[in-house]
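Student: Pasting a structure below so you can have a look.
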Protein chains: 4
Amino acid sequence: MLNRVILIGRLTRDPELRYTPAGVAVTQFTLAVDRPFSNSQTREREADFINIVTWRQLAETCANYLRKGRLTAVEGRIQVRNYDNNEGKKVYVTEIVADNVRFLESSNSGNREEGSGAGSYNANASQGSGGGGGGNRYGGSREQQDPFIDDGKPIDISDDDLPF
Amino acid sequence: MLNRVILIGRLTRDPELRYTPAGVAVTQFTLAVDRPFSNSQTREREADFINIVTWRQLAETCANYLRKGRLTAVEGRIQVRNYDNNEGKKVYVTEIVADNVRFLESSNSGNREEGSGAGSYNANASQGSGGGGGGNRYGGSREQQDPFIDDGKPIDISDDDLPF
Amino acid sequence: MLNRVILIGRLTRDPELRYTPAGVAVTQFTLAVDRPFSNSQTREREADFINIVTWRQLAETCANYLRKGRLTAVEGRIQVRNYDNNEGKKVYVTEIVADNVRFLESSNSGNREEGSGAGSYNANASQGSGGGGGGNRYGGSREQQDPFIDDGKPIDISDDDLPF
Amino acid sequence: MLNRVILIGRLTRDPELRYTPAGVAVTQFTLAVDRPFSNSQTREREADFINIVTWRQLAETCANYLRKGRLTAVEGRIQVRNYDNNEGKKVYVTEIVADNVRFLESSNSGNREEGSGAGSYNANASQGSGGGGGGNRYGGSREQQDPFIDDGKPIDISDDDLPF
DNA sequence: TTTT
DNA sequence: TTTT
């Protein structure tokens with residue numbers, strides 16, 4: 001009925017841009033979001049690592065402008081998809097389908113890659129509220145693993161599964 | 001840095017109340033949240049099933065008042081914890097640690113269990129912004145599975161792991 | 001850069017549907033949102049009354065299905081517009097431009113007006129993220145008051161001012 | 001019932017720290033939040049200016065670390081308070097009572113005031129979910145204007161009115 | 001009354 | 001001007 005997530009964190013690595021067989025752009029990255037409290041005992045594990053997916057134009061923009069370490073705001077919805085692993089067991093994957101991404105650090109404020117870029121750049125999903133989301137049935141993969149894992153091949157998703 | 005989730009959905013089953021060895025209440029339930037769009041092809045899979053965890057007083061209140069099917073609003077933060085399964089593989093579990101739960105349906109509006117209850121009842125985490133969160137190291141379990149899976153035994157979490 | 005509001009409350013009265021001169025539908029209503037705490041002294045003032053605006057298709061749907069007293073969830077962005085009152089003083093108006101409205105109570109759960117309607121009905125802004133927003137220059141009004149105040153005449157907003 | 005706001009924007013000026021007669025710290029500032037679209041006609045008016053209030057420890061931290069122009073994330077709830085102006089007319093003031101403020105720009109990333117400060121600093125309301133809120137009856141002021149307007153005197157709020 |  |  002209502003499903004809204006807002007996160008601010010830093011990319012754990014450069015974003016990964018791929019394409020579905022039909023040529024739809026998909027970018028994935030992980031956001032490290034510091035927890036609001038510090039683990040009193042074991043100082044370890046003080047951030048949550050949250051997977052983000054973006055589609056189409058927003059995917060391209062994220063791939064172009066986001067880099068590892070950048071402070072980033074993400075708005076979207078939680079999605080739980082599942083696939084059968086090679087032992088035939090259902091694996092559940094939770095990710096945020098982003099429809100709004102804000103680049104809170106320009107390329108020259110700390111990291112120094114691409115050219116210019118001052119202030120904070122904004123990116124919005126073009127198509128309505130929601131942006132879309134990955135389907136959950138990705139038949140045909142002999143290996144039966146997460147179709148989003150990057151193995152150098154195009155993503156094993158039938159475009160029919162894309163709900164938009 | 002910032003981690004906020006707001007959901008409205010229905011419980012897929014009655015909530016489960018358990019206690020840590022030190023007597024801290026933990027309640028878990030799953031919210032079915034309808035997607036904003038309809039899958040054009042396969043009419044199937046039109047909701048996300050999102051796991052919710054609540055602690056302490058809020059846990060007791062949720063266990064007392066929530067029931068399967070009830071429309072419920074949840075506010076909290078995303079948490080990703082992990083444990084080693086019996087094959088020694090890390091399994092990642094994503095859940096929402098709720099610090100605010102709103103009961104949008106009273107017991108007499110459709111379901112007819114407990115006594116009275118008119119209008120919508122509210123429940124808040126008592127302890128500051130955040131409410132708490134499950135630890136991520138749960139050593140000692142011979143079975144090595146998700147310590148939150150209900151096997152009729154108390155939850156296998158050292159209270160030292162609770163970060164509050 | 002990022003502007004997101006989520007509210008759950010009850011309508012203080014029936015929604016008001018009007019049209020701009022160019023025929024764009026605008027619906028306004030007020031949500032009474034109970035505060036999370038109780039005023040210890042004066043038991044009075046325990047809710048915030050928050051103005052909501054919706055546009056186009058969502059406006060029509062809200063006007064059709066929402067009624068005074070109904071529990072409703074609203075998602076949108078805060079907007080601050082201003083106009084000059086009849087003393088030439090700038091008046092600031094804050095309202096929520098909704099792009100997502102969820103009807104948490106059907107017409108037969110308590111109130112008994114319109115026909116059927118079971119469960120909770122959902123409504124989304126059709127046009128992308130944002131839905132739109134009222135312009136801020138509404139020239140030509142002799143009276144110079146809030147162009148949204150209902151005086152039985154069409155809203156005094158040039159359609160050129162609508163930023164969508 | 002539920003009232004959540006998340007904003008990212010820039011301070012229009014330095015924050016103002018004041019104290020109630022009983023010594024409770026209150027800090028106010030305004031966030032300029034760029035709109036997600038550009039006004040096609042009149043290039044003017046492309047941000048909303050949203051008033052933020054913080055209390056107690058969070059107020060002190062904001063006063064210490066925030067400065068004009070800084071990119072800042074704010075989480076809180078919308079509050080509508082009102083007072084009678086000097087013509088005896090009720091004036092409504094909408095503001096965000098923040099319980100979580102994130103400093104997205106350190107002092108040395110652009111502006112160069114205070115000492116060090118690298119990365120982004122976080123601040124949280126200490127007391128539970130909500131943080132508090134300004135009372136709504138501020139009797140005794142001869143001038144009958146907004147008690148929050150800075151006239152060099154302590155804020156004209158009875159501490160009894162503070163609901164926490 | 002407004003920020004980059 | 002306010003809802004249950």
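Going through the structure tokens in order, the chains are called A, B, and so on, while each chain numbers its residues from 1 and the ligands are numbered from 1 in the order shown.
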Neighbours of Ile78 of chain A within 9 Å (only C-alpha atoms (C1' of nucleotides); same-chain residues fewer than 2 positions away dropped), as a PyMOL selection string?
Tutor: (chain A and resi 3-5+76+80+94-98) or (chain B and resi 5+48+50)
Student: How about saving the chosen residues, N, CA and C atoms kept, as an mmCIF file, in the first residue's frame?
Tutor:
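Result written to part36.cif:
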data_model
loop_
_atom_site.group_PDB
_atom_site.id
_atom_site.type_symbol
_atom_site.label_atom_id
_atom_site.label_comp_id
_atom_site.auth_asym_id
_atom_site.auth_seq_id
_atom_site.Cartn_x
_atom_site.Cartn_y
_atom_site.Cartn_z
ATOM 1 N N ASN A 3 5.092 2.329 0.574
ATOM 2 C CA ASN A 3 6.404 1.708 0.690
ATOM 3 C C ASN A 3 7.439 2.760 0.338
ATOM 4 N N ARG A 4 8.003 3.374 1.334
ATOM 5 C CA ARG A 4 8.915 4.487 1.069
ATOM 6 C C ARG A 4 10.179 4.363 1.907
ATOM 7 N N VAL A 5 11.311 4.546 1.258
ATOM 8 C CA VAL A 5 12.604 4.438 1.930
ATOM 9 C C VAL A 5 13.440 5.643 1.579
ATOM 10 N N GLY A 76 13.305 5.604 -2.542
ATOM 11 C CA GLY A 76 12.718 4.539 -3.337
ATOM 12 C C GLY A 76 11.806 3.656 -2.532
ATOM 13 N N VAL A 80 11.436 -7.143 -2.509
ATOM 14 C CA VAL A 80 11.987 -8.456 -2.183
ATOM 15 C C VAL A 80 11.753 -9.368 -3.368
ATOM 16 N N THR A 94 16.722 -8.663 -0.938
ATOM 17 C CA THR A 94 16.039 -7.404 -0.657
ATOM 18 C C THR A 94 16.858 -6.264 -1.218
ATOM 19 N N GLU A 95 16.205 -5.379 -1.932
ATOM 20 C CA GLU A 95 16.923 -4.233 -2.465
ATOM 21 C C GLU A 95 15.988 -3.036 -2.548
ATOM 22 N N ILE A 96 16.602 -1.879 -2.696
ATOM 23 C CA ILE A 96 15.831 -0.649 -2.827
ATOM 24 C C ILE A 96 15.767 -0.279 -4.295
ATOM 25 N N VAL A 97 14.566 -0.214 -4.831
ATOM 26 C CA VAL A 97 14.387 0.284 -6.192
ATOM 27 C C VAL A 97 14.273 1.800 -6.096
ATOM 28 N N ALA A 98 15.319 2.483 -6.511
ATOM 29 C CA ALA A 98 15.379 3.936 -6.314
ATOM 30 C C ALA A 98 14.650 4.665 -7.422
ATOM 31 N N VAL B 5 12.371 4.236 6.885
ATOM 32 C CA VAL B 5 11.444 3.423 6.102
ATOM 33 C C VAL B 5 10.044 3.630 6.646
ATOM 34 N N ASP B 48 5.243 -7.087 -1.909
ATOM 35 C CA ASP B 48 6.519 -7.428 -1.289
ATOM 36 C C ASP B 48 6.248 -7.872 0.131
ATOM 37 N N ILE B 50 7.769 -8.114 3.638
ATOM 38 C CA ILE B 50 8.870 -7.437 4.310
ATOM 39 C C ILE B 50 8.865 -7.774 5.792
#
Student: Could you tell me which residues of chain A sit within 7 Å of chain B when counting only C-alpha atoms, and give me the result as number ranges by chain?
Tutor: A: 1-9, 33-35, 39-41, 48-49, 79-80, 94, 160, 163
Student: Atoms to include: N, CA, C and O atoms. Write the selected residues as a compact mmCIF listing (two decimals), in the first residue's frame.
Tutor:
# COMPACT_ATOMS: atom_id res chain seq x y z
N MET A 1 0.81 -1.22 0.00
CA MET A 1 0.00 0.00 0.00
C MET A 1 0.84 1.27 0.00
O MET A 1 0.56 2.20 -0.71
N LEU A 2 1.83 1.28 0.86
CA LEU A 2 2.73 2.43 0.89
C LEU A 2 4.09 1.88 1.26
O LEU A 2 4.20 1.04 2.16
N ASN A 3 5.09 2.33 0.57
CA ASN A 3 6.40 1.71 0.69
C ASN A 3 7.44 2.76 0.34
O ASN A 3 7.69 3.02 -0.84
N ARG A 4 8.00 3.37 1.33
CA ARG A 4 8.91 4.49 1.07
C ARG A 4 10.18 4.36 1.91
O ARG A 4 10.11 4.13 3.11
N VAL A 5 11.31 4.55 1.26
CA VAL A 5 12.60 4.44 1.93
C VAL A 5 13.44 5.64 1.58
O VAL A 5 13.47 6.06 0.42
N ILE A 6 14.10 6.21 2.56
CA ILE A 6 15.05 7.29 2.30
C ILE A 6 16.34 6.98 3.03
O ILE A 6 16.34 6.72 4.23
N LEU A 7 17.44 6.99 2.29
CA LEU A 7 18.74 6.63 2.84
C LEU A 7 19.77 7.69 2.48
O LEU A 7 19.71 8.29 1.41
N ILE A 8 20.70 7.90 3.38
CA ILE A 8 21.91 8.66 3.05
C ILE A 8 23.10 7.82 3.48
O ILE A 8 23.16 7.37 4.63
N GLY A 9 24.01 7.59 2.55
CA GLY A 9 25.19 6.80 2.87
C GLY A 9 26.24 6.96 1.79
O GLY A 9 26.13 7.85 0.93
N VAL A 33 25.41 2.59 5.13
CA VAL A 33 24.67 3.57 5.92
C VAL A 33 25.02 3.38 7.40
O VAL A 33 24.69 2.35 7.99
N ASP A 34 25.72 4.34 7.96
CA ASP A 34 26.13 4.23 9.37
C ASP A 34 24.92 4.12 10.28
O ASP A 34 23.93 4.83 10.10
N ARG A 35 25.04 3.25 11.26
CA ARG A 35 23.96 3.13 12.23
C ARG A 35 23.97 4.31 13.19
O ARG A 35 25.02 4.90 13.44
N ASN A 39 27.90 0.16 18.49
CA ASN A 39 27.89 -1.13 19.17
C ASN A 39 28.86 -1.05 20.35
O ASN A 39 30.07 -0.96 20.18
N SER A 40 28.29 -1.09 21.55
CA SER A 40 29.09 -0.87 22.76
C SER A 40 30.21 -1.91 22.90
O SER A 40 31.36 -1.56 23.16
N GLN A 41 29.87 -3.17 22.73
CA GLN A 41 30.88 -4.24 22.89
C GLN A 41 31.86 -4.23 21.71
O GLN A 41 32.77 -3.42 21.67
N ASP A 48 24.98 -0.49 7.91
CA ASP A 48 24.22 -1.45 7.12
C ASP A 48 24.59 -1.26 5.66
O ASP A 48 24.74 -0.13 5.19
N PHE A 49 24.74 -2.38 4.96
CA PHE A 49 25.10 -2.33 3.54
C PHE A 49 23.85 -2.67 2.75
O PHE A 49 23.37 -3.80 2.79
N GLN A 79 12.06 -3.72 -2.23
CA GLN A 79 11.55 -4.81 -3.05
C GLN A 79 12.22 -6.10 -2.62
O GLN A 79 13.43 -6.14 -2.40
N VAL A 80 11.44 -7.14 -2.51
CA VAL A 80 11.99 -8.46 -2.18
C VAL A 80 11.75 -9.37 -3.37
O VAL A 80 10.61 -9.68 -3.70
N THR A 94 16.72 -8.66 -0.94
CA THR A 94 16.04 -7.40 -0.66
C THR A 94 16.86 -6.26 -1.22
O THR A 94 18.07 -6.20 -1.01
N ASP A 160 10.03 -9.43 -20.54
CA ASP A 160 8.61 -9.56 -20.21
C ASP A 160 8.39 -9.47 -18.71
O ASP A 160 7.27 -9.23 -18.25
N PRO A 163 8.12 -5.00 -15.02
CA PRO A 163 6.73 -4.57 -14.82
C PRO A 163 6.49 -3.13 -15.21
O PRO A 163 5.83 -2.39 -14.50
Student: Expressed in Å to a single decimal, how great is the separation between atom CA of Arg102 of chain B and atom CA of Leu104 of chain C?
Tutor: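 The value is 12.0 Å.
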